[in-house]
Amino acid sequence: MERALIFAAGRGERMRPLTDATAKPLLKVAGKRLIEYHLESLARAGVREVVINTSHLAEQFPAALGDGSRWNLRIRYSYEGPTPLETGGGMRHALPLLGAAPFIAVNGDIFTNLDFSTLPQNPSGLAHLVLVDNPPQHPRGDFVLRGGWLYDEETPRLTFAGIGVYRPELIAAHAPGRFPLAPLLREAMRAARISGEHHRGVWADIGTAQRLATLEADILGEQGVVQQNPQVG
């Protein structure tokens, strides 16, 4: 895939006071900004253009990341205004920069060793989502994975990793504005149009300052990463 979207507009309320001065994806872990791990992984996977949606402390992103040339990428910024548009609204707002082909979308505040090049170039349905084992603080999970397709059922559910491949058709018909992505995904699941996979490797959501510290200790100590839960949207 040529293009990817990184969600980076959130306020990061649970990370305050760290996020009062620094946008959450720009926080450093083991000497590198969280978002830089994504940029490196996307570049290795052959992605050439990355759109970063921004709102809170938006000016910090171009100052820190520039045009992306240091990663052999072209970075463009999708500014949502002073109030974030949520996952659905943010993706819809960025569509003019993403084009007509399927694209990768990833939460800017997660850490993973997933090889993005293994994701499907052309999902069979409207989207392909990556799921992980349910962490202790999210034991009920989000979606059921069965036969390579996702279902909005009760059990046995896995947790959405905040990583997916999306066709623009999933969201293009929705009116612009502020809205979550999850209801659109669940609607498509009812029509069996969302595929998925189970990632069993390294993955963490950096939702709190403690999780950030734990991740840094794990990276520096090469002890693996404890799974945490992201927001579904």
# chains A, B, ... in the order shown; residues from 1 in each chain; ligands from 1
call {"tool": "closest_atom_pairs", "arguments": {"of": "segment 11-98 of chain A", "to": "segment 178-199 of chain A", "cutoff": "7 Å", "atoms": "only C-alpha atoms", "output": "JSON lines"}}
result
{"residue": "A:Leu85", "atom": "CA", "partner": "A:Arg178", "partner_atom": "CA", "distance": 4.2}
{"residue": "A:Glu86", "atom": "CA", "partner": "A:Pro180", "partner_atom": "CA", "distance": 5.4}
{"residue": "A:Thr87", "atom": "CA", "partner": "A:Pro180", "partner_atom": "CA", "distance": 5.2}
{"residue": "A:Gly88", "atom": "CA", "partner": "A:Leu181", "partner_atom": "CA", "distance": 3.9}
{"residue": "A:Gly89", "atom": "CA", "partner": "A:Arg178", "partner_atom": "CA", "distance": 4.7}
call {"tool": "atom_distance", "arguments": {"atom1": "atom CA of Gly10 of chain A", "atom2": "atom CA of Gly177 of chain A"}}
result
15.3 Å
call {"tool": "closest_residue", "arguments": {"among": "A:Arg70, A:His138, A:Arg33, A:Arg48", "to": "Leu5 of chain A", "atoms": "only C-alpha atoms"}}
result
A:Arg48
call {"tool": "select_by_dssp", "arguments": {"residues": "segment 8-201 of chain A", "states": "strand (DSSP E or B)", "output": "VMD selection string"}}
result
chain A and resid 28 to 29 32 to 33 49 to 54 74 to 79 103 to 107 110 to 112 127 to 132 143 to 146 149 to 151 157 to 166 194 to 198
call {"tool": "closest_residue", "arguments": {"among": "A:Gly90, A:Gly125, A:Pro136, A:Gly108", "to": "Ser55 of chain A", "atoms": "only C-alpha atoms"}}
result
A:Gly90
call {"tool": "residues_around", "arguments": {"residues": "Arg76 of chain A", "least_positions_apart": "2", "cutoff": "9 Å", "atoms": "only C-alpha atoms", "output": "PyMOL selection string"}}
result
chain A and resi 49-53+62+67-68+74+78+97
call {"tool": "closest_residue", "arguments": {"among": "A:Glu40, A:Glu80, A:Asp115, A:Asp133", "to": "His93 of chain A", "atoms": "only C-alpha atoms"}}
result
A:Glu80
call {"tool": "select_by_dssp", "arguments": {"residues": "segment 54-195 of chain A", "states": "helix (DSSP H, G or I)", "output": "PyMOL selection string"}}
result
chain A and resi 60-65+69-71+86-98+116-118+169-172+182-190
call {"tool": "write_last_selection", "arguments": {"atoms": "C-alpha atoms", "output": "mmCIF file, in the first residue's frame"}}
result
data_model
loop_
_atom_site.group_PDB
_atom_site.id
_atom_site.type_symbol
_atom_site.label_atom_id
_atom_site.label_comp_id
_atom_site.auth_asym_id
_atom_site.auth_seq_id
_atom_site.Cartn_x
_atom_site.Cartn_y
_atom_site.Cartn_z
ATOM 1 C CA GLN A 60 4.351 20.310 17.187
ATOM 2 C CA PHE A 61 4.048 17.600 14.528
ATOM 3 C CA PRO A 62 5.562 19.366 11.493
ATOM 4 C CA ALA A 63 8.167 20.903 13.769
ATOM 5 C CA ALA A 64 9.212 17.448 15.015
ATOM 6 C CA LEU A 65 8.684 15.319 11.919
ATOM 7 C CA SER A 69 12.077 12.731 4.049
ATOM 8 C CA ARG A 70 14.301 11.365 6.804
ATOM 9 C CA TRP A 71 12.231 8.138 6.639
ATOM 10 C CA GLU A 86 -12.904 11.407 16.657
ATOM 11 C CA THR A 87 -11.765 8.389 14.659
ATOM 12 C CA GLY A 88 -14.555 8.406 12.077
ATOM 13 C CA GLY A 89 -14.596 12.146 11.556
ATOM 14 C CA GLY A 90 -10.803 12.266 11.444
ATOM 15 C CA MET A 91 -10.631 9.570 8.796
ATOM 16 C CA ARG A 92 -13.411 11.213 6.765
ATOM 17 C CA HIS A 93 -11.638 14.581 6.964
ATOM 18 C CA ALA A 94 -8.378 13.015 5.721
ATOM 19 C CA LEU A 95 -9.895 11.167 2.728
ATOM 20 C CA PRO A 96 -8.960 13.868 0.158
ATOM 21 C CA LEU A 97 -5.311 13.259 1.078
ATOM 22 C CA LEU A 98 -5.600 9.471 1.150
ATOM 23 C CA PHE A 116 2.646 -3.836 8.122
ATOM 24 C CA SER A 117 3.713 -5.441 4.831
ATOM 25 C CA THR A 118 1.767 -8.581 5.809
ATOM 26 C CA GLU A 169 -15.995 3.441 0.622
ATOM 27 C CA LEU A 170 -16.477 2.548 4.292
ATOM 28 C CA ILE A 171 -16.626 6.193 5.228
ATOM 29 C CA ALA A 172 -16.854 8.334 2.092
ATOM 30 C CA ALA A 182 -16.895 1.937 15.586
ATOM 31 C CA PRO A 183 -20.620 2.153 14.646
ATOM 32 C CA LEU A 184 -19.749 2.058 10.942
ATOM 33 C CA LEU A 185 -17.542 -0.958 11.502
ATOM 34 C CA ARG A 186 -20.255 -2.779 13.445
ATOM 35 C CA GLU A 187 -22.804 -2.032 10.741
ATOM 36 C CA ALA A 188 -20.456 -3.476 8.104
ATOM 37 C CA MET A 189 -19.826 -6.521 10.304
ATOM 38 C CA ARG A 190 -23.532 -7.314 10.251
#
call {"tool": "residues_around", "arguments": {"residues": "Val47 of chain A", "least_positions_apart": "2", "cutoff": "8 Å", "atoms": "only C-alpha atoms", "output": "PyMOL selection string"}}
result
chain A and resi 1-4+42-45+49-50+73
call {"tool": "atom_distance", "arguments": {"atom1": "atom CA of Leu131 of chain A", "atom2": "atom CA of Tyr151 of chain A"}}
result
12.2 Å
call {"tool": "atom_distance", "arguments": {"atom1": "atom CA of Ala58 of chain A", "atom2": "atom CA of Leu26 of chain A"}}
result
10.7 Å
